[in-house]
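Everything below belongs to target04.pdb, which stores PDB, C-alpha atoms.
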```pdb
ATOM      1  CA  MET C 164     125.079  68.668  73.461
ATOM      2  CA  ILE C 165     121.890  68.366  75.506
ATOM      3  CA  VAL C 166     121.442  65.308  77.685
ATOM      4  CA  ALA C 167     117.794  64.769  78.713
ATOM      5  CA  VAL C 168     115.973  61.848  80.264
ATOM      6  CA  ALA C 169     112.315  60.967  79.995
ATOM      7  CA  LEU C 170     109.814  63.289  81.674
ATOM      8  CA  LEU C 171     108.169  61.881  84.788
ATOM      9  CA  PHE C 172     104.553  62.970  85.334
ATOM     10  CA  ALA C 173     103.099  63.397  88.804
ATOM     11  CA  ALA C 174      99.693  64.930  89.509
ATOM     12  CA  ASP C 175     100.740  68.443  88.554
ATOM     13  CA  VAL C 176     104.534  68.330  88.715
ATOM     14  CA  ASP C 177     106.874  67.383  85.858
ATOM     15  CA  ARG C 178     110.460  66.353  86.618
ATOM     16  CA  LEU C 179     113.357  65.860  84.226
ATOM     17  CA  ASP C 180     117.149  66.084  83.952
ATOM     18  CA  VAL C 181     118.855  68.314  81.390
ATOM     19  CA  GLY C 182     122.608  67.730  81.474
ATOM     20  CA  PRO C 183     123.697  68.427  85.080
ATOM     21  CA  LEU C 184     120.436  70.294  85.803
ATOM     22  CA  ARG C 185     117.602  68.708  87.758
ATOM     23  CA  VAL C 186     114.367  70.466  86.804
ATOM     24  CA  GLU C 187     110.919  70.426  88.416
ATOM     25  CA  ILE C 188     107.930  72.184  86.761
ATOM     26  CA  SER C 189     104.831  72.863  88.894
ATOM     27  CA  ARG C 190     101.711  73.568  86.845
ATOM     28  CA  PRO C 191      97.915  73.713  87.197
ATOM     29  CA  ALA C 192      95.686  70.981  85.790
ATOM     30  CA  LYS C 193      96.044  69.941  82.154
ATOM     31  CA  GLU C 194      92.747  71.714  81.402
ATOM     32  CA  ILE C 195      92.538  75.475  82.018
ATOM     33  CA  GLY C 196      90.085  78.291  81.254
ATOM     34  CA  LEU C 197      90.654  80.969  78.628
ATOM     35  CA  ASP C 198      90.087  83.617  81.325
ATOM     36  CA  ASP C 199      92.482  81.989  83.813
ATOM     37  CA  PRO C 200      96.088  83.199  84.092
ATOM     38  CA  LEU C 201      98.514  80.308  83.612
ATOM     39  CA  ARG C 202     101.496  80.196  85.990
ATOM     40  CA  LEU C 203     104.394  77.762  85.686
ATOM     41  CA  ASP C 204     106.943  77.486  88.520
ATOM     42  CA  VAL C 205     110.259  75.997  87.410
ATOM     43  CA  THR C 206     112.831  74.891  90.003
ATOM     44  CA  VAL C 207     116.369  74.233  88.735
ATOM     45  CA  GLN C 208     118.871  72.437  90.974
ATOM     46  CA  HIS C 209     122.518  72.087  89.949
ATOM     47  CA  PRO C 210     126.004  71.462  91.408
ATOM     48  CA  THR C 211     128.033  74.423  92.666
ATOM     49  CA  ASN C 212     130.535  74.080  89.781
ATOM     50  CA  VAL C 213     127.759  74.809  87.256
ATOM     51  CA  THR C 214     126.374  78.243  86.367
ATOM     52  CA  VAL C 215     122.958  78.607  84.750
ATOM     53  CA  GLU C 216     121.698  81.445  82.564
ATOM     54  CA  PRO C 217     117.879  81.735  82.918
ATOM     55  CA  PRO C 218     115.571  81.992  79.886
ATOM     56  CA  LYS C 219     115.245  85.434  78.312
ATOM     57  CA  LEU C 220     111.462  85.766  78.092
ATOM     58  CA  ALA C 221     110.338  89.322  77.365
ATOM     59  CA  ILE C 222     106.929  90.513  78.509
ATOM     60  CA  GLY C 223     104.592  90.622  75.525
ATOM     61  CA  THR C 224     106.174  87.736  73.607
ATOM     62  CA  MET C 225     104.170  84.659  72.658
ATOM     63  CA  LEU C 226     104.634  80.991  73.544
ATOM     64  CA  ASP C 227     102.431  79.226  71.029
ATOM     65  CA  SER C 228      99.051  80.993  71.580
ATOM     66  CA  ALA C 229      99.823  82.264  75.108
ATOM     67  CA  LEU C 230     101.040  85.791  75.894
ATOM     68  CA  VAL C 231     103.909  86.185  78.391
ATOM     69  CA  ILE C 232     102.671  88.629  81.061
ATOM     70  CA  GLY C 233     105.213  87.909  83.813
ATOM     71  CA  MET C 234     108.695  86.419  84.301
ATOM     72  CA  ARG C 235     110.516  86.302  87.637
ATOM     73  CA  VAL C 236     113.871  84.735  88.547
ATOM     74  CA  ASP C 237     114.899  84.013  92.160
ATOM     75  CA  GLY C 238     118.356  82.761  93.064
ATOM     76  CA  PRO C 239     120.633  81.005  92.665
ATOM     77  CA  ASP C 240     120.662  80.218  96.388
ATOM     78  CA  PRO C 241     123.052  77.839  98.166
ATOM     79  CA  ILE C 242     121.337  74.829  99.771
ATOM     80  CA  ASN C 243     122.828  71.949 101.735
ATOM     81  CA  GLY C 244     121.389  68.943  99.921
ATOM     82  CA  PRO C 245     121.524  65.314 101.096
ATOM     83  CA  PHE C 246     124.757  64.771  99.115
ATOM     84  CA  GLY C 247     126.447  68.102  99.786
ATOM     85  CA  PRO C 248     126.064  71.769  98.762
ATOM     86  CA  ILE C 249     123.997  72.619  95.674
ATOM     87  CA  GLN C 250     122.620  75.735  93.972
ATOM     88  CA  VAL C 251     118.913  76.321  93.364
ATOM     89  CA  GLN C 252     117.072  78.759  91.096
ATOM     90  CA  ASN C 253     113.315  79.396  90.890
ATOM     91  CA  TRP C 254     111.747  80.758  87.687
ATOM     92  CA  SER C 255     108.097  81.828  87.608
ATOM     93  CA  VAL C 256     106.480  82.291  84.178
ATOM     94  CA  THR C 257     102.942  83.771  83.979
ATOM     95  CA  LEU C 258     101.043  83.381  80.703
ATOM     96  CA  GLU C 259      97.681  84.509  79.342
ATOM     97  CA  PRO C 260      95.982  82.115  76.893
ATOM     98  CA  THR C 261      94.605  83.924  73.829
ATOM     99  CA  LYS C 262      92.407  81.256  72.229
ATOM    100  CA  VAL C 263      90.459  78.096  72.981
ATOM    101  CA  GLY C 264      91.981  74.761  71.987
ATOM    102  CA  SER C 265      95.333  73.019  72.369
ATOM    103  CA  LEU C 266      98.169  75.063  73.877
ATOM    104  CA  LYS C 267     101.634  73.597  73.166
ATOM    105  CA  LEU C 268     104.248  75.772  74.870
ATOM    106  CA  GLY C 269     107.325  74.098  73.394
ATOM    107  CA  LYS C 270     110.630  74.499  75.251
ATOM    108  CA  LEU C 271     112.243  77.064  77.532
ATOM    109  CA  GLN C 272     115.630  78.075  76.142
ATOM    110  CA  ALA C 273     118.313  78.425  78.838
ATOM    111  CA  ARG C 274     122.087  77.854  78.972
ATOM    112  CA  TYR C 275     124.521  76.345  81.466
ATOM    113  CA  GLN C 276     128.272  76.029  81.832
ATOM    114  CA  GLU C 277     130.241  73.491  83.835
ATOM    115  CA  LYS C 278     133.534  74.801  85.198
ATOM    116  CA  GLY C 279     136.273  74.371  82.595
ATOM    117  CA  LYS C 280     133.817  73.486  79.810
ATOM    118  CA  PRO C 281     132.121  75.566  77.076
ATOM    119  CA  ILE C 282     128.622  76.993  77.450
ATOM    120  CA  ALA C 283     125.897  74.510  76.471
ATOM    121  CA  PRO C 284     122.204  75.022  75.612
ATOM    122  CA  ALA C 285     119.522  73.698  77.971
ATOM    123  CA  GLU C 286     116.129  73.089  76.367
ATOM    124  CA  ILE C 287     113.457  72.475  79.009
ATOM    125  CA  PRO C 288     110.222  70.954  77.616
ATOM    126  CA  LEU C 289     107.075  72.634  78.921
ATOM    127  CA  PRO C 290     103.727  70.860  79.401
ATOM    128  CA  SER C 291     100.780  71.188  77.023
ATOM    129  CA  PHE C 292      97.284  72.317  78.004
ATOM    130  CA  GLU C 293      93.738  72.187  76.719
ATOM    131  CA  VAL C 294      92.145  75.648  76.925
ATOM    132  CA  ARG C 295      88.377  75.798  77.527
ATOM    133  CA  PRO C 296      86.091  78.857  77.314
ATOM    134  CA  GLY C 297      85.557  81.016  80.415
ATOM    135  CA  LYS C 298      87.003  80.422  83.858
ATOM    136  CA  ILE C 299      87.795  77.023  85.340
ATOM    137  CA  ASN C 300      89.959  77.896  88.350
ATOM    138  CA  LEU C 301      88.106  80.233  90.748
ATOM    139  CA  PRO C 302      90.578  82.503  92.587
ATOM    140  CA  PRO C 303      90.857  81.825  96.354
ATOM    141  CA  ASP C 304      89.690  85.358  97.258
ATOM    142  CA  ALA C 305      86.534  85.252  95.114
ATOM    143  CA  LYS C 306      83.623  86.787  97.020
ATOM    144  CA  LEU C 307      80.475  84.813  97.755
ATOM    145  CA  LYS C 308      77.437  86.156  95.863
ATOM    146  CA  LEU C 309      74.078  85.769  97.577
ATOM    147  CA  PRO C 310      71.095  84.953  95.331
ATOM    148  CA  PRO C 311      68.613  87.800  94.732
ATOM    149  CA  LEU C 312      65.635  88.022  97.064
ATOM    150  CA  PRO C 313      62.437  86.599  95.541
ATOM    151  CA  ASP C 314      59.616  88.936  94.568
ATOM    152  CA  ILE C 315      57.103  89.222  97.410
ATOM    153  CA  PRO C 316      53.497  89.404  96.170
ATOM    154  CA  GLN C 317      51.253  92.125  97.536
ATOM    155  CA  PRO C 318      49.227  90.852 100.508
ATOM    156  CA  ALA C 319      45.456  90.715 100.407
ATOM    157  CA  PRO C 320      43.550  93.211 102.587
ATOM    158  CA  GLN C 321      43.761  92.194 106.239
ATOM    159  CA  SER C 322      43.480  93.541 109.748
ATOM    160  CA  ASP C 323      45.911  96.243 110.965
ATOM    161  CA  ALA C 324      47.320  93.932 113.687
ATOM    162  CA  ALA C 325      48.132  91.139 111.215
ATOM    163  CA  TRP C 326      49.640  93.640 108.767
ATOM    164  CA  TRP C 327      51.944  95.090 111.453
ATOM    165  CA  LEU C 328      53.056  91.630 112.618
ATOM    166  CA  LYS C 329      54.009  90.608 109.057
ATOM    167  CA  THR C 330      55.721  93.937 108.399
ATOM    168  CA  ILE C 331      57.855  93.651 111.544
ATOM    169  CA  GLY C 332      58.661  90.006 110.766
ATOM    170  CA  GLY C 333      59.672  90.889 107.203
ATOM    171  CA  GLY C 334      61.854  93.723 108.465
ATOM    172  CA  LEU C 335      63.652  91.439 110.922
ATOM    173  CA  PHE C 336      64.163  88.859 108.162
ATOM    174  CA  THR C 337      65.698  91.529 105.919
ATOM    175  CA  VAL C 338      68.002  92.709 108.729
ATOM    176  CA  CYS C 339      69.163  89.110 109.276
ATOM    177  CA  LEU C 340      69.899  88.714 105.562
ATOM    178  CA  ILE C 341      71.914  91.946 105.518
ATOM    179  CA  ALA C 342      73.858  90.883 108.623
ATOM    180  CA  LEU C 343      74.560  87.477 107.025
ATOM    181  CA  ALA C 344      75.760  89.103 103.813
ATOM    182  CA  MET C 345      78.044  91.487 105.718
ATOM    183  CA  THR C 346      79.490  88.577 107.686
ATOM    184  CA  VAL C 347      80.111  86.482 104.554
ATOM    185  CA  LEU C 348      81.573  89.330 102.504
ATOM    186  CA  LYS C 349      83.649  90.865 105.297
ATOM    187  CA  PRO C 350      87.302  90.526 104.253
ATOM    188  CA  ALA C 351      89.345  88.244 106.467
ATOM    189  CA  SER C 352      92.381  89.577 108.279
ATOM    190  CA  PRO C 353      95.809  88.801 106.744
ATOM    191  CA  ALA C 354      96.541  86.482 109.690
ATOM    192  CA  GLY C 355      93.189  84.703 109.250
ATOM    193  CA  GLU C 356      93.717  84.296 105.493
ATOM    194  CA  ALA C 357      97.241  82.935 106.030
ATOM    195  CA  ARG C 358      96.147  80.511 108.749
ATOM    196  CA  ALA C 359      93.322  79.186 106.562
ATOM    197  CA  ALA C 360      95.704  78.779 103.600
ATOM    198  CA  VAL C 361      98.286  76.949 105.746
ATOM    199  CA  LEU C 362      95.673  74.575 107.182
ATOM    200  CA  SER C 363      94.079  73.878 103.775
ATOM    201  CA  ALA C 364      97.330  73.300 101.842
ATOM    202  CA  LYS C 365      97.005  69.954 100.076
ATOM    203  CA  GLY C 366      98.382  67.767  97.316
ATOM    204  CA  THR C 367     101.643  65.858  97.611
ATOM    205  CA  PRO C 368     103.827  66.877 100.585
ATOM    206  CA  ARG C 369     106.071  68.830  98.175
ATOM    207  CA  GLN C 370     103.124  70.733  96.682
ATOM    208  CA  ALA C 371     101.554  71.463 100.075
ATOM    209  CA  ILE C 372     104.883  72.754 101.456
ATOM    210  CA  SER C 373     105.151  75.123  98.488
ATOM    211  CA  GLN C 374     101.601  76.408  99.131
ATOM    212  CA  ILE C 375     102.377  76.926 102.840
ATOM    213  CA  CYS C 376     105.552  78.867 102.077
ATOM    214  CA  ASP C 377     103.706  81.093  99.570
ATOM    215  CA  ALA C 378     100.944  81.770 102.137
ATOM    216  CA  VAL C 379     103.438  82.861 104.814
ATOM    217  CA  ARG C 380     105.294  85.128 102.368
ATOM    218  CA  ALA C 381     101.996  86.712 101.247
ATOM    219  CA  TYR C 382     101.043  87.275 104.896
ATOM    220  CA  LEU C 383     104.325  89.066 105.651
ATOM    221  CA  GLN C 384     103.738  91.288 102.605
ATOM    222  CA  LYS C 385     100.112  92.169 103.524
ATOM    223  CA  ALA C 386     100.383  92.483 107.306
ATOM    224  CA  HIS C 387     103.896  93.867 107.789
ATOM    225  CA  SER C 388     104.932  95.301 104.383
ATOM    226  CA  VAL C 389     107.878  92.887 104.199
ATOM    227  CA  SER C 390     108.727  92.296 100.505
ATOM    228  CA  ALA C 391     108.777  88.547 101.068
ATOM    229  CA  ALA C 392     107.429  87.699  97.610
ATOM    230  CA  HIS C 393     110.415  89.325  95.893
ATOM    231  CA  LEU C 394     113.244  88.133  98.158
ATOM    232  CA  THR C 395     115.014  84.795  98.270
ATOM    233  CA  THR C 396     115.169  83.028 101.626
ATOM    234  CA  PRO C 397     118.743  84.188 102.442
ATOM    235  CA  GLU C 398     117.857  87.771 101.444
ATOM    236  CA  LEU C 399     114.675  87.765 103.525
ATOM    237  CA  LEU C 400     116.286  86.346 106.664
ATOM    238  CA  ALA C 401     119.202  88.803 106.339
ATOM    239  CA  ASP C 402     116.892  91.834 106.027
ATOM    240  CA  GLN C 403     117.015  92.828 109.704
ATOM    241  CA  GLU C 404     115.442  96.222 109.049
ATOM    242  CA  SER C 405     112.263  94.682 107.579
ATOM    243  CA  LEU C 406     112.086  91.892 110.172
ATOM    244  CA  ALA C 407     112.697  94.195 113.153
ATOM    245  CA  ALA C 408     108.958  94.864 113.588
ATOM    246  CA  LEU C 409     108.154  91.134 113.910
ATOM    247  CA  PRO C 410     108.020  89.417 117.318
ATOM    248  CA  PRO C 411     111.057  87.240 118.150
ATOM    249  CA  ALA C 412     108.885  84.106 118.017
ATOM    250  CA  THR C 413     107.866  84.939 114.450
ATOM    251  CA  ARG C 414     111.450  85.519 113.309
ATOM    252  CA  SER C 415     112.488  82.252 114.954
ATOM    253  CA  ALA C 416     109.675  80.341 113.180
ATOM    254  CA  LEU C 417     110.599  81.904 109.809
ATOM    255  CA  ALA C 418     114.270  80.986 110.294
ATOM    256  CA  GLU C 419     113.219  77.341 110.762
ATOM    257  CA  LEU C 420     110.452  77.217 108.140
ATOM    258  CA  LEU C 421     111.923  78.901 105.044
ATOM    259  CA  PRO C 422     115.291  77.063 104.716
ATOM    260  CA  LEU C 423     113.577  73.743 105.474
ATOM    261  CA  ALA C 424     110.813  74.422 102.934
ATOM    262  CA  ASP C 425     113.369  75.428 100.276
ATOM    263  CA  MET C 426     115.241  72.175 100.714
ATOM    264  CA  LEU C 427     112.079  70.028 100.706
ATOM    265  CA  ARG C 428     110.626  71.681  97.556
ATOM    266  CA  PHE C 429     113.507  70.490  95.393
ATOM    267  CA  PRO C 430     113.591  67.174  93.521
ATOM    268  CA  GLN C 431     115.413  64.926  95.986
ATOM    269  CA  PRO C 432     114.682  63.553  98.484
ATOM    270  CA  GLU C 433     110.892  63.370  98.285
ATOM    271  CA  PRO C 434     109.349  65.054 101.377
ATOM    272  CA  THR C 435     107.289  62.921 103.754
ATOM    273  CA  ASP C 436     104.012  63.633 105.534
ATOM    274  CA  ALA C 437     106.072  64.273 108.663
ATOM    275  CA  ASP C 438     108.117  66.926 106.814
ATOM    276  CA  LEU C 439     104.862  68.563 105.681
ATOM    277  CA  GLU C 440     103.402  68.703 109.191
ATOM    278  CA  ARG C 441     106.659  70.082 110.551
ATOM    279  CA  CYS C 442     106.527  72.934 108.000
ATOM    280  CA  ARG C 443     102.837  73.507 108.731
ATOM    281  CA  SER C 444     103.612  73.797 112.469
ATOM    282  CA  PHE C 445     106.388  76.378 111.850
ATOM    283  CA  ALA C 446     104.091  78.354 109.529
ATOM    284  CA  LEU C 447     101.197  78.464 112.021
ATOM    285  CA  ARG C 448     103.605  79.570 114.732
ATOM    286  CA  ALA C 449     104.896  82.386 112.499
ATOM    287  CA  VAL C 450     101.368  83.600 111.692
ATOM    288  CA  GLU C 451      99.894  83.242 115.195
ATOM    289  CA  SER C 452     102.818  84.882 117.023
ATOM    290  CA  ALA C 453     102.729  87.877 114.661
ATOM    291  CA  LYS C 454      99.049  88.700 115.246
ATOM    292  CA  VAL C 455      98.332  92.261 116.335
TER
END
```

Spell out the structure here as structure tokens.
Amino acid sequence: MIVAVALLFAADVDRLDVGPLRVEISRPAKEIGLDDPLRLDVTVQHPTNVTVEPPKLAIGTMLDSALVIGMRVDGPDPINGPFGPIQVQNWSVTLEPTKVGSLKLGKLQARYQEKGKPIAPAEIPLPSFEVRPGKINLPPDAKLKLPPLPDIPQPAPQSDAAWWLKTIGGGLFTVCLIALAMTVLKPASPAGEARAAVLSAKGTPRQAISQICDAVRAYLQKAHSVSAAHLTTPELLADQESLAALPPATRSALAELLPLADMLRFPQPEPTDADLERCRSFALRAVESAKV
């Protein structure tokens, strides 16, 4: 028998209880673009005497009018919660809308089993979306496009001196435009991208902490080839071979940031602004100390 309580809606996070499972669903805005990928991050927290079987979502299947193009499961990982040890799993579902209009995803089908009890179904309601034509969410790495140069009319006949002065001035103007374009379009370094992402993380403290953690993991992947995006926190911190190339200060900052961020991203207790700034400080220290 499934026991569920009413869904609580925050800005872009849905929280609910399903039996002994505490579930948090992070999602984009209610309105998305047809050309935008749709990613849902589901965090499931449960007691240590409960085992959870994740949803079996095959790539290429459909949820309403959205195509499943990615499904990743991380965990379960042991976490020391405010009331004792717990287990945490993270599921990431990536979808591709196929038509404009209402998108009603229905429910994720999972199962759980409490020790000494039979297996029970866990139906996790997913949010609905309104799909609009085109793109709504511009990716963070989108390149700036400069407007085309205006047509320059042919000058009227004039003296050689005036013609040379205007030609030289036009050439210098063109060189400045090219230099500006090269500066704007020059790709940022992995450390610069990560630092900017950490500093710009916003939303509720829980959402911003999640963005900071993702930025640091992406930086480790790009700059040091550490498979941080595919490892849980315990796996990453135990991978001494991958972390050996990082400075000691970076490893120390990661050891403080990742477990703390994991604990704060789960339903209870709600992180504070002080928790957010503490995570931001650890993340900046990890990125800055690893610069080459």

### Message
Considering all atoms listed in the file, can you say which of C:Val379, C:Ala449, C:Val389, C:Ala273 comes closest to Gln403 in chain C?
### Response
C:Val389

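Distance check against Gly238 in chain C using all atoms listed in the file: of C:Thr367, C:Gln250, C:Ser352, C:Ser388, the minimum falls on C:Gln250.
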
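Residues lying within 8 Å of Ile249 in chain C, counting all atoms listed in the file and ignoring same-chain neighbours fewer than 4 positions away, are Gln208, His209, Pro210, Thr211, Pro241, Ile242, Asn243 and Gly244 of chain C.
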
Residue subset to file, keeping C-alpha atoms, as a CSV table (one decimal), keeping the file's coordinate frame:
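What ended up in again_31.csv:
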```csv
chain,number,residue,atom,x,y,z
C,208,GLN,CA,118.9,72.4,91.0
C,209,HIS,CA,122.5,72.1,89.9
C,210,PRO,CA,126.0,71.5,91.4
C,211,THR,CA,128.0,74.4,92.7
C,241,PRO,CA,123.1,77.8,98.2
C,242,ILE,CA,121.3,74.8,99.8
C,243,ASN,CA,122.8,71.9,101.7
C,244,GLY,CA,121.4,68.9,99.9
```

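With all atoms listed in the file as the atoms that count, the residue of C:Glu440, C:Arg414, C:Pro422, C:Asp227 with the shortest distance to Asp402 in chain C is C:Arg414.
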
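All residues of protein, DNA or RNA that reach within 10 Å of Pro434 in chain C, judged by only C-alpha atoms and not counting those fewer than 5 positions away in the chain, are Thr367, Pro368, Arg369, Gln370, Ile372, Ala424, Met426, Leu427, Arg428, Phe429 and Leu439 of chain C.
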
## Note on the structure
CA of Thr396 in chain C to CA of Asp240 in chain C measures 8.1 Å

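The spacing separating CA of Lys262 in chain C from CA of Met234 in chain C amounts to 20.9 Å.
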
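Compared by their closest atoms to Arg274 in chain C, and using only C-alpha atoms, the residues C:Leu203, C:Val215, C:Val294, C:Leu220 rank with C:Val215 nearest.
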
### Message
Going by the chain IDs and residue numbers used in this file, which residues fall under the PyMOL selection byres ((chain C and resi 193-198) around 10)? Write them as a ChimeraX atom specification.
### Response
/C:174-175,190-192,199-201,229,259-266,290-301

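Within 7 Å of Ala364 in chain C, once all atoms listed in the file are used and residues closer than 2 positions along the same chain are dropped, the contacting residues are Ala360, Val361, Leu362, Ala371, Gln374 and Ile375 of chain C.
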
Residue neighbourhood Ser415 in chain C, 12 Å, all atoms listed in the file, exclusion window fewer than 6 positions, as a PDB file with C-alpha atoms, in the coordinates of the input:
```
ATOM      1  CA  LEU C 400     116.286  86.346 106.664  1.00  0.00           C
ATOM      2  CA  LEU C 406     112.086  91.892 110.172  1.00  0.00           C
ATOM      3  CA  LEU C 409     108.154  91.134 113.910  1.00  0.00           C
ATOM      4  CA  LEU C 421     111.923  78.901 105.044  1.00  0.00           C
ATOM      5  CA  PRO C 422     115.291  77.063 104.716  1.00  0.00           C
ATOM      6  CA  PHE C 445     106.388  76.378 111.850  1.00  0.00           C
ATOM      7  CA  ALA C 446     104.091  78.354 109.529  1.00  0.00           C
ATOM      8  CA  ARG C 448     103.605  79.570 114.732  1.00  0.00           C
ATOM      9  CA  ALA C 449     104.896  82.386 112.499  1.00  0.00           C
ATOM     10  CA  VAL C 450     101.368  83.600 111.692  1.00  0.00           C
ATOM     11  CA  SER C 452     102.818  84.882 117.023  1.00  0.00           C
ATOM     12  CA  ALA C 453     102.729  87.877 114.661  1.00  0.00           C
TER      13      ALA C 453
END
```

### Task
Run the PyMOL selection byres ((chain C and resi 253) around 7) against the file shown and list the residues it catches, as number ranges by chain.
C: 205-207, 236-238, 251-252, 254-255

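Take CA of Glu286 in chain C and CA of Leu423 in chain C: the distance between them is 29.2 Å.
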
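When the distance limit is 8 Å and all atoms listed in the file are what count, the residues near Ala354 in chain C, minus those fewer than 6 positions from it on the same chain, are Tyr382, Ala386, Val450, Glu451 and Lys454 of chain C.
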
For the file shown, report as a PDB file with C-alpha atoms, in the frame of the given file the outcome of the PyMOL selection byres ((chain C and resi 219) around 10) at residue level.
```
ATOM      1  CA  GLU C 216     121.698  81.445  82.564  1.00  0.00           C
ATOM      2  CA  PRO C 217     117.879  81.735  82.918  1.00  0.00           C
ATOM      3  CA  PRO C 218     115.571  81.992  79.886  1.00  0.00           C
ATOM      4  CA  LEU C 220     111.462  85.766  78.092  1.00  0.00           C
ATOM      5  CA  ALA C 221     110.338  89.322  77.365  1.00  0.00           C
ATOM      6  CA  ILE C 222     106.929  90.513  78.509  1.00  0.00           C
ATOM      7  CA  MET C 234     108.695  86.419  84.301  1.00  0.00           C
ATOM      8  CA  LEU C 271     112.243  77.064  77.532  1.00  0.00           C
ATOM      9  CA  GLN C 272     115.630  78.075  76.142  1.00  0.00           C
ATOM     10  CA  ALA C 273     118.313  78.425  78.838  1.00  0.00           C
TER      11      ALA C 273
END
```

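Candidate residues C:Cys376, C:Leu383, C:Leu394, C:Leu268 were compared for distance to Glu419 in chain C, and the nearest is C:Cys376, using all atoms listed in the file.
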